[in-house]
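What follows is run36.pdb (PDB, C-alpha atoms).
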ATOM      1  CA  MET A   1       0.000   0.000   0.000
ATOM      2  CA  ASP A   2       1.282   3.459  -0.906
ATOM      3  CA  LYS A   3       2.403   5.657   1.929
ATOM      4  CA  PRO A   4       0.496   8.892   2.641
ATOM      5  CA  ASP A   5       1.858  12.236   1.491
ATOM      6  CA  LEU A   6       3.848  12.721   4.694
ATOM      7  CA  THR A   7       7.233  14.389   5.163
ATOM      8  CA  LEU A   8       9.058  14.238   8.512
ATOM      9  CA  TYR A   9      11.731  16.703   9.657
ATOM     10  CA  LEU A  10      13.882  15.599  12.594
ATOM     11  CA  GLY A  11      16.617  17.571  14.310
ATOM     12  CA  GLY A  12      18.179  18.675  17.536
ATOM     13  CA  THR A  13      17.788  21.936  19.411
ATOM     14  CA  ARG A  14      18.162  25.005  17.177
ATOM     15  CA  SER A  15      18.778  22.805  14.164
ATOM     16  CA  GLY A  16      16.390  24.774  11.943
ATOM     17  CA  LYS A  17      13.887  21.965  11.447
ATOM     18  CA  SER A  18      10.810  24.172  11.907
ATOM     19  CA  ALA A  19      12.085  26.727   9.408
ATOM     20  CA  ARG A  20      12.859  23.962   6.927
ATOM     21  CA  ALA A  21       9.372  22.511   7.317
ATOM     22  CA  GLU A  22       7.770  25.925   6.835
ATOM     23  CA  ALA A  23       9.895  26.540   3.729
ATOM     24  CA  ARG A  24       8.661  23.279   2.228
ATOM     25  CA  VAL A  25       5.065  24.314   2.805
ATOM     26  CA  PHE A  26       5.710  27.752   1.278
ATOM     27  CA  GLU A  27       7.245  26.116  -1.792
ATOM     28  CA  ARG A  28       4.731  23.322  -2.361
ATOM     29  CA  ALA A  29       1.371  24.273  -0.870
ATOM     30  CA  ASP A  30      -1.256  24.811  -3.586
ATOM     31  CA  GLY A  31      -4.295  24.887  -1.317
ATOM     32  CA  PRO A  32      -5.351  25.801   2.222
ATOM     33  CA  VAL A  33      -2.845  25.286   5.048
ATOM     34  CA  LEU A  34      -3.592  24.243   8.626
ATOM     35  CA  TYR A  35      -0.792  24.853  11.131
ATOM     36  CA  VAL A  36      -1.091  22.556  14.171
ATOM     37  CA  ALA A  37       0.813  23.907  17.184
ATOM     38  CA  THR A  38       1.410  21.674  20.194
ATOM     39  CA  ALA A  39       2.986  24.438  22.338
ATOM     40  CA  GLU A  40       0.835  26.664  24.530
ATOM     41  CA  THR A  41       1.340  30.255  25.650
ATOM     42  CA  ARG A  42       1.696  30.375  29.428
ATOM     43  CA  SER A  43       1.894  33.423  31.650
ATOM     44  CA  ASP A  44       4.744  31.963  33.712
ATOM     45  CA  ASP A  45       7.003  31.438  30.675
ATOM     46  CA  PRO A  46       7.715  34.693  28.775
ATOM     47  CA  SER A  47      10.499  33.116  26.698
ATOM     48  CA  MET A  48       8.121  30.509  25.285
ATOM     49  CA  THR A  49       5.548  33.219  24.656
ATOM     50  CA  GLU A  50       8.124  35.177  22.653
ATOM     51  CA  ARG A  51       9.118  32.121  20.636
ATOM     52  CA  ILE A  52       5.467  31.426  19.820
ATOM     53  CA  ARG A  53       5.032  35.073  18.761
ATOM     54  CA  ARG A  54       7.958  34.788  16.350
ATOM     55  CA  HIS A  55       6.620  31.550  14.884
ATOM     56  CA  ARG A  56       3.227  33.196  14.334
ATOM     57  CA  ALA A  57       4.847  36.229  12.683
ATOM     58  CA  ARG A  58       6.510  33.965  10.104
ATOM     59  CA  ARG A  59       3.227  32.474   8.945
ATOM     60  CA  PRO A  60       0.890  33.972   6.312
ATOM     61  CA  GLU A  61      -2.361  35.350   7.646
ATOM     62  CA  ASN A  62      -4.391  32.954   5.510
ATOM     63  CA  TRP A  63      -2.943  29.895   7.256
ATOM     64  CA  ARG A  64      -5.372  28.514   9.802
ATOM     65  CA  THR A  65      -3.925  27.607  13.204
ATOM     66  CA  LEU A  66      -5.053  24.863  15.566
ATOM     67  CA  GLU A  67      -3.464  24.938  19.027
ATOM     68  CA  CYS A  68      -3.632  21.341  20.147
ATOM     69  CA  PRO A  69      -1.396  20.005  22.941
ATOM     70  CA  LEU A  70      -3.121  16.591  23.202
ATOM     71  CA  HIS A  71      -5.380  14.182  21.262
ATOM     72  CA  LEU A  72      -4.014  15.302  17.892
ATOM     73  CA  GLY A  73      -5.776  12.700  15.766
ATOM     74  CA  GLU A  74      -9.219  13.465  17.134
ATOM     75  CA  ARG A  75      -8.917  17.240  17.123
ATOM     76  CA  ILE A  76      -7.172  17.554  13.745
ATOM     77  CA  ALA A  77      -9.817  15.326  12.149
ATOM     78  CA  ALA A  78     -12.560  17.497  13.616
ATOM     79  CA  ALA A  79     -10.840  20.674  12.406
ATOM     80  CA  LEU A  80     -10.416  19.280   8.879
ATOM     81  CA  MET A  81     -14.111  18.451   8.737
ATOM     82  CA  GLU A  82     -15.077  21.835  10.168
ATOM     83  CA  TYR A  83     -12.916  23.701   7.637
ATOM     84  CA  GLY A  84     -13.880  21.446   4.725
ATOM     85  CA  MET A  85     -10.237  20.500   4.186
ATOM     86  CA  ALA A  86     -10.537  16.696   4.160
ATOM     87  CA  GLY A  87     -12.083  14.572   1.466
ATOM     88  CA  ASN A  88     -12.316  11.377   3.504
ATOM     89  CA  VAL A  89     -11.506  11.244   7.202
ATOM     90  CA  SER A  90     -12.907   7.812   7.943
ATOM     91  CA  GLY A  91     -14.752   7.483  11.223
ATOM     92  CA  TRP A  92     -14.493  11.146  12.128
ATOM     93  CA  GLY A  93     -16.548  14.294  11.764
ATOM     94  CA  THR A  94     -19.842  13.218  13.292
ATOM     95  CA  GLY A  95     -21.353  13.560  16.737
ATOM     96  CA  GLU A  96     -18.928  14.524  19.483
ATOM     97  CA  ASN A  97     -15.895  14.362  17.202
ATOM     98  CA  ALA A  98     -17.274  17.105  14.964
ATOM     99  CA  ARG A  99     -17.337  19.556  17.868
ATOM    100  CA  THR A 100     -13.871  19.036  19.287
ATOM    101  CA  ALA A 101     -12.043  21.451  16.987
ATOM    102  CA  SER A 102     -13.137  24.405  19.117
ATOM    103  CA  MET A 103     -13.040  22.606  22.470
ATOM    104  CA  PRO A 104     -10.167  22.747  24.958
ATOM    105  CA  PRO A 105      -8.017  19.602  25.047
ATOM    106  CA  ARG A 106      -8.959  16.989  27.597
ATOM    107  CA  GLN A 107      -6.535  16.492  30.449
ATOM    108  CA  SER A 108      -6.477  13.549  32.802
ATOM    109  CA  ASN A 109      -5.520  15.805  35.712
ATOM    110  CA  GLY A 110      -8.159  18.481  35.011
ATOM    111  CA  GLY A 111      -5.850  21.167  33.632
ATOM    112  CA  ASN A 112      -2.633  21.859  31.797
ATOM    113  CA  PRO A 113       0.027  19.192  32.204
ATOM    114  CA  THR A 114       2.262  20.230  35.075
ATOM    115  CA  PRO A 115       5.912  19.175  34.873
ATOM    116  CA  ARG A 116       7.725  17.957  37.938
ATOM    117  CA  GLY A 117      10.534  20.427  38.398
ATOM    118  CA  GLY A 118      10.704  21.116  34.693
ATOM    119  CA  HIS A 119       9.985  23.742  32.107
ATOM    120  CA  SER A 120       6.512  25.242  31.917
ATOM    121  CA  ASP A 121       5.839  23.905  28.422
ATOM    122  CA  GLY A 122       5.811  20.381  29.825
ATOM    123  CA  ALA A 123       9.442  19.449  29.230
ATOM    124  CA  PRO A 124      12.585  20.353  31.134
ATOM    125  CA  ARG A 125      14.692  22.953  29.334
ATOM    126  CA  SER A 126      17.208  20.349  28.220
ATOM    127  CA  TRP A 127      14.429  18.683  26.215
ATOM    128  CA  GLU A 128      13.259  21.906  24.567
ATOM    129  CA  ALA A 129      12.908  21.849  20.788
ATOM    130  CA  GLU A 130      14.034  25.417  20.235
ATOM    131  CA  GLU A 131      14.128  26.582  16.637
ATOM    132  CA  GLN A 132      16.076  29.248  14.880
ATOM    133  CA  ASP A 133      14.164  32.484  14.392
ATOM    134  CA  THR A 134      15.079  32.955  10.746
ATOM    135  CA  ALA A 135      14.267  30.823   7.739
ATOM    136  CA  PRO A 136      16.851  28.958   5.659
ATOM    137  CA  LYS A 137      18.367  30.953   2.848
ATOM    138  CA  THR A 138      15.546  30.806   0.353
ATOM    139  CA  ASP A 139      13.442  33.575  -1.143
ATOM    140  CA  ARG A 140      10.761  33.012   1.479
ATOM    141  CA  ASP A 141       9.516  36.590   1.569
ATOM    142  CA  PHE A 142       8.714  36.405  -2.127
ATOM    143  CA  LYS A 143       7.019  33.033  -1.775
ATOM    144  CA  LYS A 144       5.048  34.221   1.258
ATOM    145  CA  ALA A 145       3.836  37.333  -0.574
ATOM    146  CA  THR A 146       2.960  35.313  -3.676
ATOM    147  CA  TYR A 147       0.971  32.795  -1.633
ATOM    148  CA  GLU A 148      -0.951  35.553   0.129
ATOM    149  CA  VAL A 149      -1.833  37.228  -3.168
ATOM    150  CA  GLN A 150      -2.951  33.961  -4.731
ATOM    151  CA  GLY A 151      -5.023  33.060  -1.699
ATOM    152  CA  GLU A 152      -6.152  29.522  -1.058
ATOM    153  CA  ALA A 153      -6.038  27.771  -4.398
ATOM    154  CA  LYS A 154      -8.243  24.760  -5.095
ATOM    155  CA  GLY A 155      -5.376  22.367  -4.526
ATOM    156  CA  VAL A 156      -4.481  19.754  -1.949
ATOM    157  CA  PRO A 157      -4.778  20.965   1.663
ATOM    158  CA  THR A 158      -1.553  20.931   3.685
ATOM    159  CA  ILE A 159      -1.219  20.268   7.418
ATOM    160  CA  LEU A 160       1.980  21.407   9.134
ATOM    161  CA  LEU A 161       2.389  19.835  12.590
ATOM    162  CA  ASP A 162       4.993  21.441  14.873
ATOM    163  CA  CYS A 163       6.022  19.651  16.951
ATOM    164  CA  VAL A 164       5.898  16.019  18.072
ATOM    165  CA  THR A 165       8.529  16.789  20.732
ATOM    166  CA  LEU A 166       6.225  18.922  22.874
ATOM    167  CA  TRP A 167       3.219  16.737  22.109
ATOM    168  CA  VAL A 168       4.947  13.680  23.595
ATOM    169  CA  SER A 169       5.951  15.786  26.614
ATOM    170  CA  ASN A 170       2.319  16.828  27.022
ATOM    171  CA  ILE A 171       1.255  13.178  26.941
ATOM    172  CA  LEU A 172       3.849  12.308  29.586
ATOM    173  CA  PHE A 173       2.722  14.951  32.059
ATOM    174  CA  SER A 174      -0.980  14.276  31.480
ATOM    175  CA  LEU A 175      -0.604  10.797  32.995
ATOM    176  CA  PRO A 176      -1.372  10.073  36.655
ATOM    177  CA  ASP A 177       2.169   8.680  37.057
ATOM    178  CA  PRO A 178       4.643  10.050  34.482
ATOM    179  CA  GLU A 179       7.273   7.587  35.712
ATOM    180  CA  ASP A 180       5.176   4.567  34.639
ATOM    181  CA  LEU A 181       7.002   3.696  31.418
ATOM    182  CA  LEU A 182       4.546   1.037  30.242
ATOM    183  CA  ALA A 183       1.549   3.348  30.639
ATOM    184  CA  PHE A 184       3.420   6.169  28.908
ATOM    185  CA  GLU A 185       4.469   4.057  25.929
ATOM    186  CA  GLU A 186       0.924   2.719  25.614
ATOM    187  CA  ALA A 187      -0.448   6.276  25.599
ATOM    188  CA  VAL A 188       2.128   7.432  23.025
ATOM    189  CA  ARG A 189       1.443   4.451  20.772
ATOM    190  CA  HIS A 190      -2.340   4.958  21.025
ATOM    191  CA  GLU A 191      -2.221   8.693  20.266
ATOM    192  CA  THR A 192       0.314   8.248  17.460
ATOM    193  CA  GLU A 193      -1.722   5.502  15.790
ATOM    194  CA  GLU A 194      -4.819   7.724  15.987
ATOM    195  CA  LEU A 195      -2.881  10.539  14.316
ATOM    196  CA  LEU A 196      -1.529   8.220  11.612
ATOM    197  CA  ALA A 197      -5.042   6.937  10.894
ATOM    198  CA  VAL A 198      -6.130  10.509  10.168
ATOM    199  CA  ILE A 199      -3.009  11.143   8.072
ATOM    200  CA  ARG A 200      -3.696   8.048   5.961
ATOM    201  CA  SER A 201      -7.395   8.766   5.400
ATOM    202  CA  SER A 202      -7.421  12.564   5.009
ATOM    203  CA  GLY A 203      -6.151  12.908   1.449
ATOM    204  CA  CYS A 204      -4.066  15.894   2.603
ATOM    205  CA  ARG A 205      -0.374  16.733   2.357
ATOM    206  CA  TRP A 206       1.357  16.495   5.768
ATOM    207  CA  VAL A 207       4.604  17.991   7.047
ATOM    208  CA  VAL A 208       5.594  16.947  10.575
ATOM    209  CA  VAL A 209       8.388  18.305  12.799
ATOM    210  CA  SER A 210       9.992  16.396  15.658
ATOM    211  CA  GLY A 211      13.113  16.445  17.792
ATOM    212  CA  GLU A 212      15.890  13.882  17.662
ATOM    213  CA  THR A 213      16.732  14.664  21.263
ATOM    214  CA  GLY A 214      18.728  11.512  21.965
ATOM    215  CA  LEU A 215      21.653  12.997  20.042
ATOM    216  CA  GLY A 216      22.168  15.489  22.864
ATOM    217  CA  GLY A 217      22.368  12.944  25.675
ATOM    218  CA  ILE A 218      19.710  11.392  27.892
ATOM    219  CA  GLU A 219      18.499  12.865  31.175
ATOM    220  CA  PRO A 220      20.003  10.736  34.004
ATOM    221  CA  THR A 221      16.591  10.257  35.640
ATOM    222  CA  ARG A 222      13.749   7.779  35.212
ATOM    223  CA  LEU A 223      11.501  10.563  33.931
ATOM    224  CA  GLY A 224      14.125  11.642  31.435
ATOM    225  CA  ARG A 225      14.702   8.116  30.167
ATOM    226  CA  ASN A 226      10.973   7.542  29.862
ATOM    227  CA  TYR A 227      10.498  10.725  27.870
ATOM    228  CA  HIS A 228      13.229   9.865  25.378
ATOM    229  CA  ASP A 229      11.873   6.329  24.994
ATOM    230  CA  GLY A 230       8.390   7.678  24.269
ATOM    231  CA  LEU A 231       9.614  10.282  21.801
ATOM    232  CA  GLY A 232      11.751   7.715  20.017
ATOM    233  CA  LEU A 233       8.728   5.433  19.717
ATOM    234  CA  ALA A 234       6.581   8.216  18.231
ATOM    235  CA  ASN A 235       9.337   9.202  15.799
ATOM    236  CA  GLN A 236       9.741   5.629  14.571
ATOM    237  CA  LEU A 237       6.011   5.105  14.078
ATOM    238  CA  ILE A 238       5.685   8.342  12.105
ATOM    239  CA  ALA A 239       8.864   7.794  10.073
ATOM    240  CA  ALA A 240       7.657   4.329   9.051
ATOM    241  CA  GLN A 241       4.670   5.968   7.322
ATOM    242  CA  ALA A 242       6.559   8.923   5.792
ATOM    243  CA  ARG A 243       7.358   9.136   2.099
ATOM    244  CA  GLU A 244      10.314  11.358   2.942
ATOM    245  CA  ALA A 245      12.261  11.949   6.147
ATOM    246  CA  PHE A 246      15.059  14.435   6.747
ATOM    247  CA  LEU A 247      17.530  15.070   9.546
ATOM    248  CA  VAL A 248      18.282  18.786   9.929
ATOM    249  CA  ILE A 249      21.703  19.799  11.255
ATOM    250  CA  ALA A 250      22.717  23.481  11.403
ATOM    251  CA  GLY A 251      20.014  24.302   8.895
ATOM    252  CA  ARG A 252      21.276  21.704   6.373
ATOM    253  CA  LEU A 253      19.420  18.565   5.308
ATOM    254  CA  LEU A 254      20.289  14.879   5.299
ATOM    255  CA  ARG A 255      17.789  12.642   3.543
ATOM    256  CA  LEU A 256      17.027   9.510   5.572
ATOM    257  CA  GLU A 257      16.689   6.366   3.492
ATOM    258  CA  GLU A 258      14.615   3.289   4.281
TER
END

Represent the structure of the file as structure tokens.
Amino acid sequence: MDKPDLTLYLGGTRSGKSARAEARVFERADGPVLYVATAETRSDDPSMTERIRRHRARRPENWRTLECPLHLGERIAAALMEYGMAGNVSGWGTGENARTASMPPRQSNGGNPTPRGGHSDGAPRSWEAEEQDTAPKTDRDFKKATYEVQGEAKGVPTILLDCVTLWVSNILFSLPDPEDLLAFEEAVRHETEELLAVIRSSGCRWVVVSGETGLGGIEPTRLGRNYHDGLGLANQLIAAQAREAFLVIAGRLLRLEE
């Protein structure tokens, strides 16, 4: 069976993976674009708020944005149905699922995931997937202006998901016991398979960003080891379905072969 139109960008901290993913969307998008952000603005973290502001400033105004820290498959499917961007999202878009695009994400602890002694976005600072604030050296301003003038052409919708790194962190800290590795891996596998089911059935073009955090060393704690194991699992599941996968290092690309 053919793989879905899915491209994965992996990289370490400040590798430029987000900018590379955005550049690909600028270059190839011929229809509406949905930007799915897994980070949340929080009053106790001004640096994250500033980073989110810069990411928003890079995006054209006609890109739709879905802020979604958890339950990506369910909420993206509902948003695609709401916006009329999906031709066939099997099993989604009716009843409760159709209303979740505008609902706050469900949390097992009744609120935002709260890290234990970590960073306010759900991951300790050493796990942060920080991105460079400028795009790679392409004529992005021209492409951005051209896309805005053309508007949303009647082409294939594109979904840009940034990033899996924070999403997996959000899953970890939504659990009753984040140090329970088996429960965490089960939750990651379940949420990732739900997302992949939507990717396969949507008929959309997908660009996904994630961190290859293991290259920078593993936190010498049970929580740190669990997090890296869960992120590695999500990355492998997504990469197995991707038509193309790239590792970004210092803004440069390495194509990852099968």

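Across the structure, atom CA of Gly251 of chain A and atom CA of Ile238 of chain A are spaced 21.7 Å apart.
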
- Query: Once the PyMOL selection byres ((chain A and resi 241-243) around 9) has been applied to the shown file, what residues remain in the selection, as a ChimeraX atom specification?
  - Reply: /A:2-8,196,200,236-240,244-245

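One finds atom CA of Val164 of chain A at 13.7 Å from atom CA of Glu194 of chain A.
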
- Residue nearest Thr13 of chain A among A:Thr192, A:Thr65, A:Thr165, A:Asn226 (counting only C-alpha atoms): A:Thr165

- Message: Quick check, in Å to one decimal: how far apart do atom CA of Glu193 of chain A and atom CA of Arg14 of chain A lie?
- Response: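 So the two atoms, atom CA of Glu193 of chain A and atom CA of Arg14 of chain A, lie 27.9 Å apart.
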
- Among listed residues A:Thr38, A:Ser202, A:Ser15, A:Ser169, nearest Leu223 of chain A (using all atoms listed in the file):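 The closest residue to Leu223 of chain A is A:Ser169.
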
- Write out as JSON, numbers by chain which residues come within 12 Å of Glu186 of chain A when counting only C-alpha atoms, dropping same-chain ones fewer than 2 positions away. {"A": [168, 171, 172, 175, 180, 181, 182, 183, 184, 188, 189, 190, 191, 192, 193, 226, 229, 230, 233, 234]}

Quick one: which residues end up in the PyMOL selection byres ((chain A and resi 37) around 8) for this structure, as a short mmCIF file (atom, residue, chain, number, x, y, z; two decimals) with C-alpha atoms, keeping the file's coordinate frame?
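Result file follows (out-v8.cif):
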data_model
loop_
_atom_site.label_atom_id
_atom_site.label_comp_id
_atom_site.auth_asym_id
_atom_site.auth_seq_id
_atom_site.Cartn_x
_atom_site.Cartn_y
_atom_site.Cartn_z
CA TYR A 35 -0.79 24.85 11.13
CA VAL A 36 -1.09 22.56 14.17
CA THR A 38 1.41 21.67 20.19
CA ALA A 39 2.99 24.44 22.34
CA GLU A 40 0.84 26.66 24.53
CA THR A 65 -3.92 27.61 13.20
CA LEU A 66 -5.05 24.86 15.57
CA GLU A 67 -3.46 24.94 19.03
CA CYS A 68 -3.63 21.34 20.15
CA PRO A 69 -1.40 20.00 22.94
CA LEU A 161 2.39 19.84 12.59
CA ASP A 162 4.99 21.44 14.87
CA CYS A 163 6.02 19.65 16.95
#

- Quick one: of A:Pro157, A:Gly11, A:Pro220, A:Gly16, who's nearest to Arg64 of chain A, counting only C-alpha atoms? A:Pro157

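Nearest to Leu72 of chain A of all the residues A:Ala187, A:Leu10, A:Ala19, A:Val198 is A:Val198, based on only C-alpha atoms.
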
- Message: Going by the chain IDs and residue numbers used in this file, which residues fall under the PyMOL selection byres ((chain A and resi 158) around 9)? Write them as a list in words.
- Response: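 That expression, the PyMOL selection byres ((chain A and resi 158) around 9), corresponds here to Val25, Ala29, Asp30, Gly31, Pro32, Val33, Leu34, Tyr35, Met85, Val156, Pro157, Ile159, Leu160, Cys204, Arg205, Trp206 and Val207 of chain A.
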
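Ranking A:Arg28, A:Ala250, A:Ile76, A:Glu22 by their shortest atom-to-atom distance to Ala197 of chain A, with all atoms listed in the file included, puts A:Ile76 first.
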